[in-house]
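Below is the file start-v2.cif, which contains mmCIF, N, CA and C atoms.
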data_model
#
loop_
_atom_site.label_atom_id
_atom_site.label_comp_id
_atom_site.auth_asym_id
_atom_site.auth_seq_id
_atom_site.Cartn_x
_atom_site.Cartn_y
_atom_site.Cartn_z
N MET A 248 0.26 62.96 26.04
CA MET A 248 -0.07 63.15 24.65
C MET A 248 -1.45 62.56 24.39
N ALA A 249 -2.20 63.24 23.59
CA ALA A 249 -3.54 62.77 23.25
C ALA A 249 -3.46 61.48 22.45
N GLY A 250 -4.32 60.55 22.77
CA GLY A 250 -4.38 59.30 22.03
C GLY A 250 -3.34 58.27 22.42
N GLU A 251 -2.50 58.60 23.39
CA GLU A 251 -1.46 57.67 23.85
C GLU A 251 -2.11 56.50 24.58
N ALA A 252 -1.82 55.28 24.18
CA ALA A 252 -2.39 54.09 24.83
C ALA A 252 -1.34 53.48 25.75
N PHE A 253 -1.60 53.55 27.03
CA PHE A 253 -0.68 52.97 28.00
C PHE A 253 -1.04 51.51 28.23
N LYS A 254 -0.03 50.69 28.49
CA LYS A 254 -0.27 49.28 28.79
C LYS A 254 -0.48 49.11 30.29
N ASN A 255 -1.39 48.25 30.64
CA ASN A 255 -1.67 47.93 32.03
C ASN A 255 -0.70 46.84 32.47
N GLY A 256 0.09 47.10 33.51
CA GLY A 256 1.06 46.14 34.01
C GLY A 256 0.45 44.82 34.45
N THR A 257 -0.83 44.84 34.80
CA THR A 257 -1.52 43.61 35.20
C THR A 257 -1.52 42.59 34.08
N ASP A 258 -1.44 43.07 32.84
CA ASP A 258 -1.53 42.20 31.68
C ASP A 258 -0.18 41.67 31.19
N VAL A 259 0.91 41.89 31.94
CA VAL A 259 2.23 41.38 31.58
C VAL A 259 2.67 40.44 32.70
N ILE A 260 2.83 39.16 32.37
CA ILE A 260 2.99 38.12 33.39
C ILE A 260 4.24 37.28 33.11
N LEU A 261 4.86 36.77 34.19
CA LEU A 261 5.96 35.80 34.07
C LEU A 261 5.39 34.40 33.94
N PHE A 262 5.88 33.67 32.95
CA PHE A 262 5.52 32.27 32.75
C PHE A 262 6.79 31.44 32.75
N ALA A 263 6.67 30.16 33.12
CA ALA A 263 7.81 29.24 33.11
C ALA A 263 7.37 27.88 32.59
N LYS A 264 8.32 27.16 32.01
CA LYS A 264 8.13 25.75 31.66
C LYS A 264 8.93 24.97 32.68
N ILE A 265 8.22 24.24 33.53
CA ILE A 265 8.88 23.55 34.64
C ILE A 265 8.62 22.05 34.53
N GLY A 266 9.69 21.29 34.63
CA GLY A 266 9.56 19.83 34.59
C GLY A 266 9.42 19.32 33.17
N THR A 267 8.78 18.19 33.04
CA THR A 267 8.67 17.54 31.73
C THR A 267 7.45 17.99 30.94
N THR A 268 6.58 18.77 31.57
CA THR A 268 5.40 19.26 30.86
C THR A 268 5.78 20.35 29.87
N PRO A 269 5.25 20.31 28.64
CA PRO A 269 5.59 21.32 27.65
C PRO A 269 4.80 22.62 27.80
N ALA A 270 3.92 22.72 28.78
CA ALA A 270 3.05 23.88 28.92
C ALA A 270 3.71 25.01 29.70
N TRP A 271 3.43 26.24 29.30
CA TRP A 271 3.85 27.41 30.05
C TRP A 271 2.86 27.60 31.19
N VAL A 272 3.37 27.80 32.42
CA VAL A 272 2.50 28.06 33.57
C VAL A 272 2.87 29.41 34.17
N PRO A 273 1.87 30.18 34.64
CA PRO A 273 2.19 31.46 35.27
C PRO A 273 2.79 31.26 36.65
N LEU A 274 3.66 32.18 37.06
CA LEU A 274 4.18 32.13 38.42
C LEU A 274 3.07 32.57 39.37
N ALA A 275 3.07 32.04 40.55
CA ALA A 275 1.97 32.17 41.49
C ALA A 275 1.69 33.59 41.94
N CYS A 276 0.52 34.09 41.64
CA CYS A 276 -0.06 35.31 42.22
C CYS A 276 0.94 36.45 42.40
N LEU A 277 1.59 36.84 41.32
CA LEU A 277 2.59 37.92 41.40
C LEU A 277 1.94 39.28 41.62
N LYS A 278 2.62 40.10 42.41
CA LYS A 278 2.22 41.51 42.56
C LYS A 278 3.05 42.37 41.62
N THR A 279 4.33 42.02 41.47
CA THR A 279 5.22 42.73 40.56
C THR A 279 6.09 41.73 39.82
N ASN A 280 6.46 42.07 38.61
CA ASN A 280 7.45 41.29 37.87
C ASN A 280 8.20 42.23 36.94
N SER A 281 9.46 41.86 36.64
CA SER A 281 10.27 42.74 35.80
C SER A 281 11.35 41.94 35.09
N TRP A 282 11.94 42.59 34.10
CA TRP A 282 13.13 42.08 33.43
C TRP A 282 14.13 43.22 33.44
N ASP A 283 15.39 42.92 33.79
CA ASP A 283 16.47 43.91 33.82
C ASP A 283 17.63 43.39 32.98
N GLY A 284 18.17 44.24 32.13
CA GLY A 284 19.34 43.89 31.34
C GLY A 284 20.46 44.88 31.58
N SER A 285 21.69 44.40 31.50
CA SER A 285 22.83 45.30 31.66
C SER A 285 23.98 44.84 30.76
N THR A 286 24.89 45.77 30.48
CA THR A 286 26.06 45.48 29.66
C THR A 286 27.30 45.90 30.43
N ALA A 287 28.26 45.00 30.55
CA ALA A 287 29.52 45.31 31.22
C ALA A 287 30.34 46.24 30.34
N SER A 288 31.13 47.06 30.98
CA SER A 288 31.98 48.01 30.28
C SER A 288 33.40 47.45 30.20
N ILE A 289 33.99 47.55 29.02
CA ILE A 289 35.39 47.18 28.84
C ILE A 289 36.18 48.48 28.72
N ASP A 290 37.09 48.70 29.65
CA ASP A 290 37.88 49.93 29.68
C ASP A 290 38.88 49.93 28.53
N THR A 291 38.83 50.96 27.71
CA THR A 291 39.79 51.11 26.60
C THR A 291 40.64 52.37 26.75
N THR A 292 40.64 52.95 27.96
CA THR A 292 41.39 54.18 28.21
C THR A 292 42.90 53.92 28.09
N THR A 293 43.55 54.81 27.38
CA THR A 293 45.01 54.74 27.24
C THR A 293 45.59 56.14 27.45
N LYS A 294 46.87 56.24 27.37
CA LYS A 294 47.52 57.55 27.48
C LYS A 294 47.10 58.44 26.31
N CYS A 295 46.66 57.83 25.22
CA CYS A 295 46.22 58.60 24.05
C CYS A 295 44.81 59.15 24.23
N SER A 296 44.08 58.71 25.27
CA SER A 296 42.69 59.14 25.49
C SER A 296 42.59 60.52 26.09
N GLY A 297 43.69 61.06 26.52
CA GLY A 297 43.64 62.37 27.18
C GLY A 297 43.03 62.24 28.56
N LYS A 298 42.23 63.24 28.95
CA LYS A 298 41.64 63.23 30.29
C LYS A 298 40.27 62.54 30.34
N GLU A 299 39.84 61.97 29.23
CA GLU A 299 38.53 61.31 29.18
C GLU A 299 38.69 59.78 29.15
N ASP A 300 37.89 59.11 29.97
CA ASP A 300 37.86 57.65 29.91
C ASP A 300 37.18 57.22 28.62
N THR A 301 37.63 56.11 28.06
CA THR A 301 36.96 55.52 26.91
C THR A 301 36.62 54.08 27.24
N SER A 302 35.61 53.57 26.57
CA SER A 302 35.18 52.19 26.83
C SER A 302 34.43 51.64 25.63
N MET A 303 34.16 50.35 25.68
CA MET A 303 33.33 49.69 24.68
C MET A 303 32.43 48.69 25.39
N ALA A 304 31.37 48.31 24.71
CA ALA A 304 30.41 47.38 25.29
C ALA A 304 31.02 45.99 25.43
N GLY A 305 30.77 45.37 26.58
CA GLY A 305 31.26 44.03 26.85
C GLY A 305 30.12 43.02 26.90
N SER A 306 30.22 42.05 27.80
CA SER A 306 29.22 41.00 27.88
C SER A 306 27.92 41.53 28.48
N LYS A 307 26.83 40.90 28.11
CA LYS A 307 25.51 41.28 28.58
C LYS A 307 25.02 40.28 29.61
N SER A 308 24.22 40.78 30.57
CA SER A 308 23.58 39.89 31.53
C SER A 308 22.18 40.43 31.79
N SER A 309 21.29 39.55 32.21
CA SER A 309 19.94 39.99 32.52
C SER A 309 19.28 39.03 33.49
N SER A 310 18.18 39.51 34.06
CA SER A 310 17.43 38.67 35.00
C SER A 310 15.97 39.09 35.01
N PHE A 311 15.14 38.15 35.39
CA PHE A 311 13.73 38.40 35.65
C PHE A 311 13.57 38.46 37.17
N LYS A 312 12.59 39.21 37.65
CA LYS A 312 12.29 39.24 39.07
C LYS A 312 10.78 39.15 39.25
N GLY A 313 10.37 38.53 40.36
CA GLY A 313 8.96 38.45 40.66
C GLY A 313 8.74 38.49 42.16
N ASP A 314 7.73 39.23 42.59
CA ASP A 314 7.31 39.30 43.98
C ASP A 314 5.82 39.01 44.03
N GLY A 315 5.40 38.19 44.98
CA GLY A 315 3.98 37.89 45.04
C GLY A 315 3.57 37.17 46.29
N ASN A 316 2.35 36.69 46.26
CA ASN A 316 1.80 35.92 47.37
C ASN A 316 2.06 34.44 47.13
N ALA A 317 2.48 33.76 48.16
CA ALA A 317 2.66 32.32 48.07
C ALA A 317 1.28 31.67 48.06
N ILE A 318 1.10 30.67 47.22
CA ILE A 318 -0.19 29.98 47.15
C ILE A 318 -0.05 28.58 47.70
N ASN A 319 -1.17 28.02 48.10
CA ASN A 319 -1.23 26.65 48.57
C ASN A 319 -0.87 25.72 47.42
N GLU A 320 0.04 24.81 47.63
CA GLU A 320 0.49 23.89 46.58
C GLU A 320 -0.67 23.14 45.96
N THR A 321 -1.69 22.80 46.74
CA THR A 321 -2.81 22.03 46.21
C THR A 321 -3.94 22.93 45.72
N GLY A 322 -3.83 24.24 45.97
CA GLY A 322 -4.92 25.15 45.62
C GLY A 322 -5.05 25.43 44.14
N THR A 323 -3.95 25.66 43.47
CA THR A 323 -3.99 26.01 42.06
C THR A 323 -2.86 25.28 41.33
N PRO A 324 -3.12 24.05 40.87
CA PRO A 324 -2.04 23.26 40.28
C PRO A 324 -1.49 23.79 38.97
N THR A 325 -2.18 24.76 38.35
CA THR A 325 -1.68 25.31 37.09
C THR A 325 -0.69 26.44 37.29
N GLN A 326 -0.40 26.80 38.54
CA GLN A 326 0.55 27.86 38.81
C GLN A 326 1.76 27.30 39.54
N ALA A 327 2.91 27.92 39.28
CA ALA A 327 4.14 27.49 39.95
C ALA A 327 4.16 28.08 41.36
N SER A 328 4.04 27.26 42.35
CA SER A 328 3.98 27.73 43.74
C SER A 328 5.38 27.94 44.32
N PHE A 329 5.44 28.54 45.51
CA PHE A 329 6.71 28.74 46.19
C PHE A 329 7.40 27.40 46.41
N LYS A 330 6.64 26.38 46.75
CA LYS A 330 7.23 25.05 46.99
C LYS A 330 7.94 24.55 45.72
N THR A 331 7.31 24.75 44.58
CA THR A 331 7.93 24.35 43.31
C THR A 331 9.20 25.16 43.07
N LEU A 332 9.12 26.48 43.27
CA LEU A 332 10.28 27.34 43.04
C LEU A 332 11.42 27.00 43.99
N SER A 333 11.11 26.69 45.25
CA SER A 333 12.18 26.36 46.20
C SER A 333 12.89 25.07 45.81
N GLY A 334 12.16 24.12 45.25
CA GLY A 334 12.79 22.89 44.76
C GLY A 334 13.73 23.16 43.60
N LEU A 335 13.32 24.03 42.68
CA LEU A 335 14.16 24.40 41.54
C LEU A 335 15.41 25.15 42.01
N TRP A 336 15.24 26.03 43.01
CA TRP A 336 16.38 26.77 43.56
C TRP A 336 17.37 25.81 44.21
N GLN A 337 16.88 24.87 45.01
CA GLN A 337 17.78 23.92 45.69
C GLN A 337 18.59 23.10 44.72
N LEU A 338 17.96 22.69 43.62
CA LEU A 338 18.65 21.84 42.64
C LEU A 338 19.49 22.64 41.63
N GLY A 339 19.28 23.95 41.56
CA GLY A 339 19.99 24.76 40.57
C GLY A 339 19.52 24.48 39.15
N THR A 340 18.26 24.11 39.02
CA THR A 340 17.69 23.73 37.72
C THR A 340 17.57 24.93 36.78
N THR A 341 17.91 24.72 35.52
CA THR A 341 17.71 25.73 34.48
C THR A 341 16.42 25.40 33.74
N PHE A 342 15.61 26.42 33.48
CA PHE A 342 14.32 26.20 32.81
C PHE A 342 13.95 27.45 32.01
N PRO A 343 13.08 27.30 31.00
CA PRO A 343 12.66 28.45 30.18
C PRO A 343 11.71 29.37 30.95
N MET A 344 11.86 30.69 30.72
CA MET A 344 10.97 31.68 31.33
C MET A 344 10.69 32.75 30.30
N LYS A 345 9.51 33.35 30.40
CA LYS A 345 9.18 34.48 29.54
C LYS A 345 8.29 35.46 30.29
N MET A 346 8.45 36.72 29.96
CA MET A 346 7.55 37.76 30.44
C MET A 346 6.81 38.23 29.20
N VAL A 347 5.49 38.04 29.21
CA VAL A 347 4.71 38.26 27.99
C VAL A 347 3.41 38.97 28.31
N GLY A 348 2.95 39.78 27.37
CA GLY A 348 1.65 40.43 27.48
C GLY A 348 0.55 39.42 27.17
N VAL A 349 -0.39 39.27 28.07
CA VAL A 349 -1.46 38.28 27.86
C VAL A 349 -2.37 38.67 26.70
N ASN A 350 -2.43 39.95 26.36
CA ASN A 350 -3.25 40.40 25.23
C ASN A 350 -2.41 40.73 24.00
N ASP A 351 -1.10 40.54 24.10
CA ASP A 351 -0.19 40.86 23.00
C ASP A 351 1.02 39.93 23.07
N ALA A 352 0.93 38.79 22.40
CA ALA A 352 1.99 37.78 22.46
C ALA A 352 3.31 38.26 21.86
N THR A 353 3.30 39.38 21.14
CA THR A 353 4.54 39.91 20.59
C THR A 353 5.28 40.79 21.58
N ASP A 354 4.64 41.13 22.71
CA ASP A 354 5.28 41.89 23.79
C ASP A 354 5.96 40.88 24.71
N ILE A 355 7.18 40.47 24.34
CA ILE A 355 7.79 39.31 25.00
C ILE A 355 9.29 39.51 25.24
N VAL A 356 9.76 38.98 26.36
CA VAL A 356 11.18 38.80 26.65
C VAL A 356 11.28 37.37 27.16
N ARG A 357 12.21 36.58 26.61
CA ARG A 357 12.30 35.17 27.04
C ARG A 357 13.74 34.69 27.04
N GLY A 358 13.97 33.65 27.85
CA GLY A 358 15.29 33.04 27.94
C GLY A 358 15.30 31.92 28.95
N ASP A 359 16.40 31.20 29.00
CA ASP A 359 16.58 30.14 29.99
C ASP A 359 17.13 30.76 31.27
N VAL A 360 16.63 30.31 32.42
CA VAL A 360 16.98 30.91 33.70
C VAL A 360 17.28 29.86 34.76
N TRP A 361 17.93 30.31 35.82
CA TRP A 361 18.07 29.55 37.07
C TRP A 361 17.80 30.54 38.19
N ILE A 362 17.37 30.06 39.33
CA ILE A 362 16.98 30.94 40.43
C ILE A 362 18.22 31.34 41.23
N SER A 363 18.55 32.63 41.20
CA SER A 363 19.74 33.11 41.91
C SER A 363 19.41 33.66 43.29
N ALA A 364 18.17 34.01 43.55
CA ALA A 364 17.76 34.48 44.87
C ALA A 364 16.30 34.13 45.10
N LEU A 365 15.98 33.72 46.31
CA LEU A 365 14.61 33.34 46.66
C LEU A 365 14.39 33.65 48.13
N SER A 366 13.29 34.32 48.44
CA SER A 366 12.98 34.61 49.84
C SER A 366 11.48 34.44 50.08
N LYS A 367 11.14 34.26 51.34
CA LYS A 367 9.74 34.08 51.75
C LYS A 367 9.51 34.93 52.98
N GLY A 368 8.41 35.66 53.02
CA GLY A 368 8.11 36.53 54.15
C GLY A 368 6.74 36.21 54.72
N ALA A 369 6.63 36.33 56.04
CA ALA A 369 5.36 36.04 56.71
C ALA A 369 5.16 37.05 57.84
N ASP A 370 4.69 38.24 57.49
CA ASP A 370 4.42 39.28 58.49
C ASP A 370 3.12 38.97 59.23
N HIS A 371 2.96 39.58 60.37
CA HIS A 371 1.76 39.38 61.18
C HIS A 371 0.50 39.81 60.42
N ASN A 372 -0.45 38.93 60.35
CA ASN A 372 -1.78 39.20 59.81
C ASN A 372 -1.75 39.70 58.36
N THR A 373 -0.84 39.14 57.55
CA THR A 373 -0.78 39.46 56.12
C THR A 373 -0.60 38.16 55.35
N ALA A 374 -0.81 38.23 54.04
CA ALA A 374 -0.58 37.07 53.19
C ALA A 374 0.90 36.73 53.17
N VAL A 375 1.23 35.46 53.11
CA VAL A 375 2.62 35.02 52.98
C VAL A 375 3.11 35.44 51.60
N THR A 376 4.31 36.03 51.53
CA THR A 376 4.83 36.52 50.27
C THR A 376 6.16 35.84 49.92
N PHE A 377 6.56 36.00 48.68
CA PHE A 377 7.86 35.51 48.25
C PHE A 377 8.45 36.50 47.25
N SER A 378 9.76 36.41 47.07
CA SER A 378 10.47 37.20 46.09
C SER A 378 11.50 36.29 45.43
N ALA A 379 11.61 36.38 44.11
CA ALA A 379 12.55 35.52 43.39
C ALA A 379 13.26 36.31 42.30
N THR A 380 14.54 35.99 42.11
CA THR A 380 15.33 36.53 41.01
C THR A 380 15.76 35.36 40.14
N PHE A 381 15.53 35.48 38.85
CA PHE A 381 15.82 34.43 37.89
C PHE A 381 16.92 34.93 36.96
N GLN A 382 18.12 34.36 37.08
CA GLN A 382 19.27 34.79 36.28
C GLN A 382 19.19 34.15 34.90
N VAL A 383 19.24 34.97 33.87
CA VAL A 383 19.20 34.47 32.49
C VAL A 383 20.57 33.93 32.13
N THR A 384 20.60 32.79 31.47
CA THR A 384 21.85 32.20 30.99
C THR A 384 21.74 32.00 29.49
N GLY A 385 22.74 32.47 28.75
CA GLY A 385 22.74 32.27 27.30
C GLY A 385 22.02 33.35 26.52
N GLY A 386 21.60 34.42 27.14
CA GLY A 386 20.99 35.53 26.41
C GLY A 386 19.49 35.49 26.37
N VAL A 387 18.91 36.61 25.96
CA VAL A 387 17.45 36.73 25.86
C VAL A 387 17.02 36.95 24.42
N LEU A 388 15.76 36.65 24.18
CA LEU A 388 15.16 36.88 22.89
C LEU A 388 13.93 37.77 23.08
N PHE A 389 13.64 38.59 22.09
CA PHE A 389 12.49 39.47 22.14
C PHE A 389 11.48 39.09 21.06
N THR A 390 11.49 37.80 20.70
CA THR A 390 10.60 37.28 19.66
C THR A 390 9.77 36.14 20.22
N VAL A 391 8.62 35.92 19.60
CA VAL A 391 7.74 34.81 19.97
C VAL A 391 8.44 33.51 19.58
N GLU A 392 8.34 32.51 20.47
CA GLU A 392 9.01 31.24 20.20
C GLU A 392 8.34 30.53 19.02
N ALA A 393 9.16 29.80 18.26
CA ALA A 393 8.68 29.10 17.06
C ALA A 393 7.94 27.83 17.44
#
Translate the structure of the given file into C-alpha cells.
Amino acid sequence: MAGEAFKNGTDVILFAKIGTTPAWVPLACLKTNSWDGSTASIDTTTKCSGKEDTSMAGSKSSSFKGDGNAINETGTPTQASFKTLSGLWQLGTTFPMKMVGVNDATDIVRGDVWISALSKGADHNTAVTFSATFQVTGGVLFTVEA
C-alpha cells in the first residue's frame, strides 16, 4: 500500500533490569528477539455440542526470546552478557524485561521473567552465539511503565 510505513526490526530491542541497579540494560548484541503469547483452550464439548467441538479461552502464557552474539564480560559493561544471563538462569532469578522500540517508547511489551532455556554455540571460525528464552510470570503489559 502506498504510504505504508514499515518498522525496522533493528529498532526493537530487549531490555532487562538486572540486580539492584534501577537502570534498563539492553541484552548483549542480539540478532533476533521476539515475544510470543498463547492462550490455553478449555474444552467445553458435551453431548449437546453435536459433532462440533466447543471451547473457551483459558490461562495465558508468554515468553520473550533472544538470539545473539556473546560479548566479552569486560567489553561492554552496560549490556547483559552471556555470563550474566547464565548466572540468572542458574539461580532461577525473576527480573523485569521489556521489548521496546528505541524510537517509539509506546511500542512496548513488558513483564517479569525467568530464564527457561539458555544455550551457547561456538562454531568453527564464527562469533560465539547464545540463545535464551525468558518465561513471563504474572502476565504482560502493553503500556509504558509509570
Surrounding residues of A:Gly313 excluding itself and chain neighbours under 3 positions, 10 Å, only C-alpha atoms, as a JSON list (two decimals) with N, CA and C atoms, in the coordinates of the input:
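Written output follows (selection.json):
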[["chain", "number", "residue", "atom", "x", "y", "z"],
["A", 260, "ILE", "N", 2.83, 39.16, 32.37],
["A", 260, "ILE", "CA", 2.99, 38.12, 33.39],
["A", 260, "ILE", "C", 4.24, 37.28, 33.11],
["A", 261, "LEU", "N", 4.86, 36.77, 34.19],
["A", 261, "LEU", "CA", 5.96, 35.80, 34.07],
["A", 261, "LEU", "C", 5.39, 34.40, 33.94],
["A", 274, "LEU", "N", 3.66, 32.18, 37.06],
["A", 274, "LEU", "CA", 4.18, 32.13, 38.42],
["A", 274, "LEU", "C", 3.07, 32.57, 39.37],
["A", 275, "ALA", "N", 3.07, 32.04, 40.55],
["A", 275, "ALA", "CA", 1.97, 32.17, 41.49],
["A", 275, "ALA", "C", 1.69, 33.59, 41.94],
["A", 276, "CYS", "N", 0.52, 34.09, 41.64],
["A", 276, "CYS", "CA", -0.06, 35.31, 42.22],
["A", 276, "CYS", "C", 0.94, 36.45, 42.40],
["A", 277, "LEU", "N", 1.59, 36.84, 41.32],
["A", 277, "LEU", "CA", 2.59, 37.92, 41.40],
["A", 277, "LEU", "C", 1.94, 39.28, 41.62],
["A", 278, "LYS", "N", 2.62, 40.10, 42.41],
["A", 278, "LYS", "CA", 2.22, 41.51, 42.56],
["A", 278, "LYS", "C", 3.05, 42.37, 41.62],
["A", 279, "THR", "N", 4.33, 42.02, 41.47],
["A", 279, "THR", "CA", 5.22, 42.73, 40.56],
["A", 279, "THR", "C", 6.09, 41.73, 39.82],
["A", 280, "ASN", "N", 6.46, 42.07, 38.61],
["A", 280, "ASN", "CA", 7.45, 41.29, 37.87],
["A", 280, "ASN", "C", 8.20, 42.23, 36.94],
["A", 281, "SER", "N", 9.46, 41.86, 36.64],
["A", 281, "SER", "CA", 10.27, 42.74, 35.80],
["A", 281, "SER", "C", 11.35, 41.94, 35.09],
["A", 282, "TRP", "N", 11.94, 42.59, 34.10],
["A", 282, "TRP", "CA", 13.13, 42.08, 33.43],
["A", 282, "TRP", "C", 14.13, 43.22, 33.44],
["A", 365, "LEU", "N", 15.98, 33.72, 46.31],
["A", 365, "LEU", "CA", 14.61, 33.34, 46.66],
["A", 365, "LEU", "C", 14.39, 33.65, 48.13],
["A", 377, "PHE", "N", 6.56, 36.00, 48.68],
["A", 377, "PHE", "CA", 7.86, 35.51, 48.25],
["A", 377, "PHE", "C", 8.45, 36.50, 47.25],
["A", 378, "SER", "N", 9.76, 36.41, 47.07],
["A", 378, "SER", "CA", 10.47, 37.20, 46.09],
["A", 378, "SER", "C", 11.50, 36.29, 45.43],
["A", 379, "ALA", "N", 11.61, 36.38, 44.11],
["A", 379, "ALA", "CA", 12.55, 35.52, 43.39],
["A", 379, "ALA", "C", 13.26, 36.31, 42.30],
["A", 380, "THR", "N", 14.54, 35.99, 42.11],
["A", 380, "THR", "CA", 15.33, 36.53, 41.01],
["A", 380, "THR", "C", 15.76, 35.36, 40.14],
["A", 381, "PHE", "N", 15.53, 35.48, 38.85],
["A", 381, "PHE", "CA", 15.82, 34.43, 37.89],
["A", 381, "PHE", "C", 16.92, 34.93, 36.96]]
task: Could you give me, as a list in words, the residues within 8 Å of A:Ser288, counting all atoms listed in the file and dropping anything in the same chain fewer than 4 positions from it?
output: Thr301, Ser302, Met303, Ala304, Gly305 and Ser306 of chain A
Output of the PyMOL selection byres ((chain A and resi 383) around 5), listed as a PyMOL selection string: chain A and resi 309-310+359-360+381-382+384-385
Could you tell me which residues the PyMOL selection byres ((chain A and resi 370-374) around 8) grabs in this file, written as a PDB file with N, CA and C atoms, in the frame of the given file?
ATOM      1  N   GLY A 315       5.400  38.190  44.980  1.00  0.00           N
ATOM      2  CA  GLY A 315       3.980  37.890  45.040  1.00  0.00           C
ATOM      3  C   GLY A 315       3.570  37.170  46.290  1.00  0.00           C
ATOM      4  N   ASN A 316       2.350  36.690  46.260  1.00  0.00           N
ATOM      5  CA  ASN A 316       1.800  35.920  47.370  1.00  0.00           C
ATOM      6  C   ASN A 316       2.060  34.440  47.130  1.00  0.00           C
ATOM      7  N   ALA A 317       2.480  33.760  48.160  1.00  0.00           N
ATOM      8  CA  ALA A 317       2.660  32.320  48.070  1.00  0.00           C
ATOM      9  C   ALA A 317       1.280  31.670  48.060  1.00  0.00           C
ATOM     10  N   LYS A 367      11.140  34.260  51.340  1.00  0.00           N
ATOM     11  CA  LYS A 367       9.740  34.080  51.750  1.00  0.00           C
ATOM     12  C   LYS A 367       9.510  34.930  52.980  1.00  0.00           C
ATOM     13  N   GLY A 368       8.410  35.660  53.020  1.00  0.00           N
ATOM     14  CA  GLY A 368       8.110  36.530  54.150  1.00  0.00           C
ATOM     15  C   GLY A 368       6.740  36.210  54.720  1.00  0.00           C
ATOM     16  N   ALA A 369       6.630  36.330  56.040  1.00  0.00           N
ATOM     17  CA  ALA A 369       5.360  36.040  56.710  1.00  0.00           C
ATOM     18  C   ALA A 369       5.160  37.050  57.840  1.00  0.00           C
ATOM     19  N   VAL A 375       1.230  35.460  53.110  1.00  0.00           N
ATOM     20  CA  VAL A 375       2.620  35.020  52.980  1.00  0.00           C
ATOM     21  C   VAL A 375       3.110  35.440  51.600  1.00  0.00           C
ATOM     22  N   THR A 376       4.310  36.030  51.530  1.00  0.00           N
ATOM     23  CA  THR A 376       4.830  36.520  50.270  1.00  0.00           C
ATOM     24  C   THR A 376       6.160  35.840  49.920  1.00  0.00           C
ATOM     25  N   PHE A 377       6.560  36.000  48.680  1.00  0.00           N
ATOM     26  CA  PHE A 377       7.860  35.510  48.250  1.00  0.00           C
ATOM     27  C   PHE A 377       8.450  36.500  47.250  1.00  0.00           C
TER      28      PHE A 377
END
query: Taking the backbone alone, and naming residues the way the document does, which bits of stretch 250-326 of chain A are strand (DSSP E) by DSSP, as a VMD selection string?
result: chain A and resid 259 to 263 272 to 273 277 to 290 302 to 316
5 Å per side around stretch 281-297 of chain A: axis-aligned box centre and edge lengths, as JSON:
{"center_x": 28.5, "center_y": 52.1, "center_z": 30.3, "size_x": 48.1, "size_y": 30.5, "size_z": 22.6}
- prompt: Any idea what the distance is between atom CA of A:Asp354 and atom N of A:Val272?
  reply: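 Atom N of A:Val272 lies 16.6 Å from atom CA of A:Asp354.
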- request: Please write as a ChimeraX atom specification the full residue list that the PyMOL selection byres (((chain A and resi 335 and name CA) around 12) and name CA) yields on this file.
  value: /A:263-266,327-334,336-342,360-365,379,381
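A straight line drawn from atom N of A:Ala352 to atom CA of A:Pro269 is 18.8 Å long.
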query: atom CA of A:Val349 and atom CA of A:Lys254, how far apart in Å?
result: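 One can read the atom CA of A:Lys254 to atom CA of A:Val349 distance as 11.1 Å.
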Show me the residues around (8.9, 37.2, 24.2) - criterion: an atom at most 8 Å away, only C-alpha atoms counted - as a short mmCIF file (atom, residue, chain, number, x, y, z; two decimals) with N, CA and C atoms, in the coordinates of the input.
data_model
loop_
_atom_site.label_atom_id
_atom_site.label_comp_id
_atom_site.auth_asym_id
_atom_site.auth_seq_id
_atom_site.Cartn_x
_atom_site.Cartn_y
_atom_site.Cartn_z
N LYS A 345 9.51 33.35 30.40
CA LYS A 345 9.18 34.48 29.54
C LYS A 345 8.29 35.46 30.29
N MET A 346 8.45 36.72 29.96
CA MET A 346 7.55 37.76 30.44
C MET A 346 6.81 38.23 29.20
N VAL A 347 5.49 38.04 29.21
CA VAL A 347 4.71 38.26 27.99
C VAL A 347 3.41 38.97 28.31
N ALA A 352 0.93 38.79 22.40
CA ALA A 352 1.99 37.78 22.46
C ALA A 352 3.31 38.26 21.86
N THR A 353 3.30 39.38 21.14
CA THR A 353 4.54 39.91 20.59
C THR A 353 5.28 40.79 21.58
N ASP A 354 4.64 41.13 22.71
CA ASP A 354 5.28 41.89 23.79
C ASP A 354 5.96 40.88 24.71
N ILE A 355 7.18 40.47 24.34
CA ILE A 355 7.79 39.31 25.00
C ILE A 355 9.29 39.51 25.24
N VAL A 356 9.76 38.98 26.36
CA VAL A 356 11.18 38.80 26.65
C VAL A 356 11.28 37.37 27.16
N ARG A 357 12.21 36.58 26.61
CA ARG A 357 12.30 35.17 27.04
C ARG A 357 13.74 34.69 27.04
N LEU A 388 15.76 36.65 24.18
CA LEU A 388 15.16 36.88 22.89
C LEU A 388 13.93 37.77 23.08
N PHE A 389 13.64 38.59 22.09
CA PHE A 389 12.49 39.47 22.14
C PHE A 389 11.48 39.09 21.06
N THR A 390 11.49 37.80 20.70
CA THR A 390 10.60 37.28 19.66
C THR A 390 9.77 36.14 20.22
N VAL A 391 8.62 35.92 19.60
CA VAL A 391 7.74 34.81 19.97
C VAL A 391 8.44 33.51 19.58
N GLU A 392 8.34 32.51 20.47
CA GLU A 392 9.01 31.24 20.20
C GLU A 392 8.34 30.53 19.02
#
field: Nearest residue to A:Gly284 from the set A:Asn350, A:Thr257, A:Ser308, A:Ser366 (distances using all atoms listed in the file)
entry: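 The shortest atom-to-atom distance to A:Gly284 comes from A:Ser308.
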